[in-house]
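Engineer: Before I ask anything, here is the structure I am working with.
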Amino acid sequence: MSKSIYITTIEPNSGKSIVSLGFLRMMLNQSSKVGYFRPIINKDKNGLYDDHTYTAINFFNLDIKYEDCYAFEQSEVVELLSEGKKEKVIHDIIKKYKNLEAKYDYVLVEGTDFSGEGGFTELDVNLMVAKNLGIPVLIVGAGNDKKKKDFINTMQLTYNSFIQKEVDVIGLIANKIEIDEMEYIKTELRKVIPKEVHIDVVPKVNFLANPTVKEVAEALNGKVLFGEQFLDNSIGSYSTGAMQLRNYLTRIKENALVITPGDRADIILGALQANASSNYPRIAGIILTGNLIPEESILKLIEGVQSTVPIVTVEGGTFGISNKIGAVKTKIYASNSKKILLALDTFDTYINVERLNKILSKFSSDKLTPSMFQYNLLQRAKSCRKHIVLPEGNDERIMEAAARLQLLNIVDLTLLGDRREIQQKADQLGLQIDLDKINILNPENSIHNAYFAKTLYEARKHKGLTETTAIDLTRDVSYYGTLMILNGLADGMVSGAVHTTMHTIKPALQIIKTKPGVKVVSSVFFMCLSDRVSVMGDCAVNPNPNAEELAEIAISSAKSAEAFGIKARVAMLSYSSGSSGKGEEVEKVRKATEIAKKLNPDLLIEGPIQYDAAVDMSVAKTKMPNSKVAGQASVLIFPDLNTGNNTYKAIQRETGALAIGPMLQGLNKPVNDLSRGCTVEDIFNTVLLTAIQANQE
C-alpha cells in the first residue's frame, strides 16, 4: 500500500492547492500521523517562508517542523542543475522524503511551482522528483484561458510524458473549468486516457480564483492605511479611477478594486459611499498610487466612516500599478480560513475521494531508480553496521574511499598494510581520515599470523599444503583478509584495485567455500542507467559456462536482484529471440532457460532473447508479444564472459551509467572483487554491497 501521493502540475496557478488541502484532510481522517513534503519551495517576497508549506502545517496543525518539509529553495536547485549536480538534488530530496516516510503513516508530497528559471520547466523538475521518489502521481491541470481542445491535448501530453518516464499516474484533475464545459472535458479526457486512470473535473470557483487585497498589497509592497482586518476581501475586478466621479461610479463592478491616485479625494470618498449604498456593487478595496497620502482632513473623514474597505498606498504611477495588479496570481494562505474552507468544500463536492482512496490503498510499484537504489544501499549498509577488510590499504583510491566511509560512519574498517606508510600517504593526499578509529593490521608481522597459519594449514593440509607454505601465504594480503573473515574478525572483504580477480577469489574458494547447493561462483553488476537499475551477470568470473552453470548463474542473479529490492525478470540473452534461432550457442541458452524453470518454477524468465527485445517494450511487442519478461527485463544473463564483460563496459562508457560491482554470489561469506581501473566511487559502492551481503548471510 502506498503511504504517499505526489500532487503535481505542469504550470503555476493550476489550483492544485485545492487538491493538496483536500488530500491532507482525507489522510488526517485516517491517521493523526500525517506528514507534508514540498521538495522545492518558493519563499514569499519577504523571504520568510513558503506559503504552501506554511498553510499546510498551520491550518491542519500538523506535527512537523517547517524545515523538515522541504529540501531546497528554487534558486538553489537552478544553480545545482546548471552546474550538472542533478544527483545531489535527487539524493537530498530522497533523504528528506525517506525521513518523513519512516516517521508518518501518510505523506502528501506537493510538486513545485517552477518558474522556468534557468531553462528548467515545471514538467522537467516534477518528472525528475516524482520518478525518483517512486510514489503515485496525481496531475492537476488548469483549463481557464485555454481552448477546450488545447487543454485536452495538454493533459494527454503531460500524462504521456510521465508514463514514458515510467512514473505511475493514478489520476488527472481538470481544474478551473467553466461549468458548461465540465461534461465535455471529462468525456474527451476519458477518450484519450486509459480507463484505469482516475479523472475528476472541478469548475472554476471565482472566490478561489481571484486574488485578495492582501495578495495585491504584498505584491506591490503597499502600506495599509485603513481596514487591515478586511485584507482578505476577494477581488472580482479592478478599474482605474482617473475620470470624474459621476462617470467612474457607473463602471464599478461587484468586488471591484479601485485604483486611483492618492490625491483624488473625490474618487476615494465616492467609492466608500458607493460601497455603503445598496444601489452600487460592493467594493473589495482601494489602492492609492503615486505614494500620495490624502490630506489630514480627508483622512479624518475616512476614519470616521464605518467601512469594510481596506485602503492601501503604494509607490508607482497608476498605469504601471494597474499592470502589476493584473499580473498578481491568487494563492491560499493560512490566515484566509474562508478560502481554505471553500477549497475543502470544492474538493468534497467534485473529487471522488472514495475511489481515489481505494486506488491509492491498492497501489504498489516495483520500480527502482538509480538514485533510489544508491540511497537504499547507503541506508541499509548503515543500519547493519558490518566490519569490512580492505587488503590494499596503501592504495590511494582505497584510502580515499575509507575516508568517505568513515566520514559517513557507515561501516567498521580494517586496512591491511604498514601503518606509517598509510599515515604518510594520507598526509600527502590531505585526507580527512582518523586512523586511530580504523583497524590497521600488517600481514608481515601481525599478532594473528601464527593462529592464521595454523588455521590455513588445517583447512588445506589434505590438499598437500605444508606448514611452511601456510605461514608464507598468511603474509599475503588476500589470504590474510580471507582468514580474518573465516575467524570472525571481519564480515566481508573488498579487494582487486591492485590485484587480479583470481588473486582475490582463490583464497575465498579455498577457505570460505561456496554455499550449500551452489556449484558456481559468479558475479553481477548493478548497472545504474538513466531511468532504471539492471542486474547484469556474469561479467567477471566464468569464461564460458555450460547450460547447467548458466542456469545456476541466472537463479543466483535473480536472488541477488530481489535481495537488493529489484523485482527479478530474467532475460537469457542470445543472438536470437524465441524459437527462431539455431546454433550451438542459442541451444545452450535455450537449455539453460529450461533448467532454470525446472529448478525455480516461479521465476519470471525468458530465453533465448535478444538485448533489444529484453529491454525495449516496442521491440518486445513485435518479437515476443506474450512474454512477461520481454521489454521489462531487470536481470540480464549473458551467455559468456566475452559478451558480458564487453557489453557492460560498452554501456557504461557510452551512456555514462554507473556500474556497481562486480558482486560475487555463491560464497559462504561476501568477498568482492574490484577492477584494477576502479574509481573511489566504485570502491565505496562495493563496500556498501558487501556490508549488505554480510547482513543477509
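Labels for the C-alpha cells follow display order: chains A, B, ..., residues from 1 in each chain, ligands from 1.
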What lies within 12 Å of Glu421 in chain A using only C-alpha atoms, ignoring chain neighbours under 3 positions off, as a VMD selection string?
Structural biologist: chain A and resid 393 to 396 399 415 to 418 424 to 428 435 440 442
Engineer: Pick out the residues sitting within 9 Å of Leu272 in chain A, and hand them over as a VMD selection string; count only C-alpha atoms, and ignore anything fewer than 3 positions along from it in its own chain.
Structural biologist: chain A and resid 267 to 269 275 to 277 283 286 302 305 307 to 309
Engineer: Using only C-alpha atoms, determine which residues lie at most 8 Å from range 204-209 of chain A, disregarding the query and same-chain residues fewer than 3 positions distant; provide the list as JSON, numbers by chain.
Structural biologist: {"A": [15, 144, 175, 176, 177, 178, 179, 234, 236, 330, 339, 342, 343]}
Engineer: Write out as a tab-separated table the residues of range 576-678 of chain A that have any atom within 7 Å of an atom of range 682-687 of chain A, one row each with the nearest atom pair and its distance in Å to one decimal, counting only C-alpha atoms, sorted by chain and then rising number.
Structural biologist:
residue	atom	partner	partner_atom	distance
A:Ile660	CA	A:Asp682	CA	6.2
A:Gly661	CA	A:Thr686	CA	5.7
A:Cys678	CA	A:Asp682	CA	5.8
Engineer: Just N, CA, C and O atoms for this one: save the residues we selected as an mmCIF file, in the first residue's frame.
Structural biologist:
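Contents of again_23.cif, freshly written:
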data_model
loop_
_atom_site.group_PDB
_atom_site.id
_atom_site.type_symbol
_atom_site.label_atom_id
_atom_site.label_comp_id
_atom_site.auth_asym_id
_atom_site.auth_seq_id
_atom_site.Cartn_x
_atom_site.Cartn_y
_atom_site.Cartn_z
ATOM 1 N N ILE A 660 27.886 -0.666 -10.507
ATOM 2 C CA ILE A 660 28.267 -1.012 -9.135
ATOM 3 C C ILE A 660 28.555 -2.506 -9.085
ATOM 4 O O ILE A 660 27.705 -3.331 -9.365
ATOM 5 N N GLY A 661 29.786 -2.853 -8.694
ATOM 6 C CA GLY A 661 30.194 -4.244 -8.651
ATOM 7 C C GLY A 661 31.566 -4.413 -9.294
ATOM 8 O O GLY A 661 32.300 -3.432 -9.474
ATOM 9 N N CYS A 678 39.312 0.693 -11.138
ATOM 10 C CA CYS A 678 38.183 1.187 -10.351
ATOM 11 C C CYS A 678 38.410 2.608 -9.848
ATOM 12 O O CYS A 678 39.542 3.062 -9.684
#
Engineer: Nearest residue to Asp476 in chain A out of A:Lys362, A:Arg246, A:Lys597, A:His503, using only C-alpha atoms?
Structural biologist: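 Selected residue with least distance to Asp476 in chain A: A:His503.
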Engineer: Using DSSP assignments from the backbone, pull out every residue in range 36-141 of chain A that falls under strand (DSSP E) and give it to me as number ranges by chain.
Structural biologist: A: 36-37, 40-41, 72-73, 106-110, 137-141
Engineer: The selected residues should be written to file as a short mmCIF file (atom, residue, chain, number, x, y, z; two decimals), in the first residue's frame (atoms: N, CA, C and O atoms).
Structural biologist:
data_model
loop_
_atom_site.label_atom_id
_atom_site.label_comp_id
_atom_site.auth_asym_id
_atom_site.auth_seq_id
_atom_site.Cartn_x
_atom_site.Cartn_y
_atom_site.Cartn_z
N TYR A 36 3.83 16.36 5.54
CA TYR A 36 3.72 17.16 4.32
C TYR A 36 5.12 17.44 3.81
O TYR A 36 6.01 17.80 4.58
N PHE A 37 5.31 17.25 2.50
CA PHE A 37 6.65 17.46 1.92
C PHE A 37 6.52 18.21 0.61
O PHE A 37 5.78 17.81 -0.27
N ILE A 40 10.77 21.31 -3.36
CA ILE A 40 11.39 22.58 -3.76
C ILE A 40 10.40 23.70 -3.49
O ILE A 40 9.28 23.69 -3.99
N ILE A 41 10.82 24.66 -2.68
CA ILE A 41 9.90 25.72 -2.26
C ILE A 41 10.23 27.05 -2.93
O ILE A 41 11.34 27.28 -3.39
N PHE A 72 14.98 21.98 -0.82
CA PHE A 72 15.70 23.07 -1.48
C PHE A 72 14.78 24.26 -1.72
O PHE A 72 13.56 24.11 -1.81
N GLU A 73 15.40 25.43 -1.87
CA GLU A 73 14.72 26.57 -2.45
C GLU A 73 14.96 26.54 -3.95
O GLU A 73 15.96 25.98 -4.42
N TYR A 106 1.19 8.62 6.66
CA TYR A 106 0.93 9.13 5.31
C TYR A 106 1.79 10.37 5.08
O TYR A 106 2.05 11.13 6.01
N VAL A 107 2.21 10.54 3.84
CA VAL A 107 2.94 11.76 3.48
C VAL A 107 2.36 12.30 2.18
O VAL A 107 2.29 11.59 1.17
N LEU A 108 1.92 13.56 2.21
CA LEU A 108 1.48 14.22 0.99
C LEU A 108 2.66 15.01 0.43
O LEU A 108 3.25 15.84 1.13
N VAL A 109 3.02 14.73 -0.81
CA VAL A 109 4.11 15.43 -1.47
C VAL A 109 3.52 16.36 -2.52
O VAL A 109 2.80 15.92 -3.42
N GLU A 110 3.81 17.64 -2.39
CA GLU A 110 3.28 18.62 -3.34
C GLU A 110 4.40 19.09 -4.25
O GLU A 110 5.45 19.55 -3.80
N VAL A 137 1.40 9.41 -8.73
CA VAL A 137 1.25 10.83 -9.08
C VAL A 137 -0.19 11.15 -9.45
O VAL A 137 -0.87 10.37 -10.12
N LEU A 138 -0.64 12.32 -9.00
CA LEU A 138 -1.93 12.87 -9.40
C LEU A 138 -1.63 14.20 -10.10
O LEU A 138 -1.02 15.09 -9.52
N ILE A 139 -2.02 14.32 -11.37
CA ILE A 139 -1.71 15.50 -12.17
C ILE A 139 -2.89 16.46 -12.17
O ILE A 139 -4.02 16.07 -12.47
N VAL A 140 -2.62 17.72 -11.84
CA VAL A 140 -3.65 18.75 -11.84
C VAL A 140 -3.36 19.73 -12.98
O VAL A 140 -2.24 20.22 -13.12
N GLY A 141 -4.37 19.99 -13.81
CA GLY A 141 -4.22 20.94 -14.90
C GLY A 141 -5.30 22.00 -14.83
O GLY A 141 -6.42 21.74 -14.38
#
Engineer: Compile the contact shell of range 536-549 of chain A as number ranges by chain: residues with an atom at most 9 Å away, counting only C-alpha atoms, same-chain residues fewer than 3 positions apart removed.
Structural biologist: A: 501-502, 519-527, 552-554, 557, 587-593, 595-596, 634-648, 662, 664, 673
Engineer: Excluding Phe452 in chain A and any residue of its chain fewer than 4 positions from it, enumerate the residues within 8 Å of it, using only C-alpha atoms, and give them as a list of chain:residue names.
Structural biologist: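 That gives A:His448, A:Leu456, A:Thr474, A:Tyr480, A:Leu483.
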Engineer: Set the distance at 9 Å and use only C-alpha atoms: which residues neighbour Phe230 in chain A once local chain neighbours fewer than 5 positions away are removed? I'd like the list as number ranges by chain.
Structural biologist: A: 213-214, 284-285, 308-310
Engineer: Save out the residues we just selected, N, CA and C atoms, as a tab-separated table (two decimals), in the first residue's frame.
Structural biologist:
chain	number	residue	atom	x	y	z
A	213	VAL	N	-7.07	41.37	-1.53
A	213	VAL	CA	-6.40	42.66	-1.39
A	213	VAL	C	-5.04	42.46	-0.72
A	214	LYS	N	-4.95	41.51	0.19
A	214	LYS	CA	-3.69	41.23	0.86
A	214	LYS	C	-2.62	40.81	-0.14
A	284	ALA	N	-14.08	45.79	-3.04
A	284	ALA	CA	-13.14	44.93	-2.30
A	284	ALA	C	-12.08	45.75	-1.58
A	285	GLY	N	-11.59	46.82	-2.22
A	285	GLY	CA	-10.53	47.61	-1.62
A	285	GLY	C	-10.17	48.80	-2.49
A	308	THR	N	-15.96	48.50	5.38
A	308	THR	CA	-15.29	47.20	5.26
A	308	THR	C	-14.28	47.22	4.13
A	309	VAL	N	-13.89	48.42	3.72
A	309	VAL	CA	-12.99	48.57	2.57
A	309	VAL	C	-11.56	48.87	3.05
A	310	PRO	N	-10.59	47.97	2.78
A	310	PRO	CA	-9.20	48.28	3.12
A	310	PRO	C	-8.62	49.28	2.13
Engineer: Taking the backbone alone, and naming residues the way the document does, which bits of range 455-690 of chain A are alpha helix (DSSP H) by DSSP, as a PyMOL selection string?
Structural biologist: chain A and resi 455-460+467-474+477-486+501-507+547-563+584-599+611-615+617-623+641-655+680-690
Engineer: Calculated over only C-alpha atoms, which of the candidates A:Ile170, A:Ile433, A:Asp68, A:Arg380 has the smallest distance to Glu400 in chain A?
Structural biologist: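 Ranking A:Ile170, A:Ile433, A:Asp68, A:Arg380 by distance to Glu400 in chain A, first place goes to A:Ile433.
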Engineer: Which residues are close to Leu368 in chain A, i.e. within 9 Å by only C-alpha atoms, leaving aside same-chain residues fewer than 6 positions away? Reply as a list of chain:residue names.
Structural biologist: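 Near Leu368 in chain A, the qualifying residues are A:Lys131, A:Asn132, A:Leu133, A:Gly134, A:Asp531, A:Arg532, A:Val533, A:Gly565, A:Ile566, A:Lys567.
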Engineer: Between CA of Gly171 in chain A and CA of Asn29 in chain A, what distance in Å does the model show, to one decimal?
Structural biologist: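 Between CA of Gly171 in chain A and CA of Asn29 in chain A the gap is 20.9 Å.
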Engineer: Using Å and a single decimal, report how far CA of Leu81 in chain A sits from CA of Leu408 in chain A.
Structural biologist: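 Calculated distance between CA of Leu408 in chain A and CA of Leu81 in chain A is 24.3 Å.
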Engineer: What's the separation between CA of Ser495 in chain A and CA of Thr369 in chain A, in Å to one decimal place?
Structural biologist: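 Taking CA of Ser495 in chain A and CA of Thr369 in chain A, their separation equals 27.5 Å.
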Engineer: Of the residues A:Ile64, A:Ile7, A:Val671, A:Leu360, which is the one nearest to Lys33 in chain A, using only C-alpha atoms?
Structural biologist: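 Looking at the shortest contact to Lys33 in chain A, the residue is A:Ile64.
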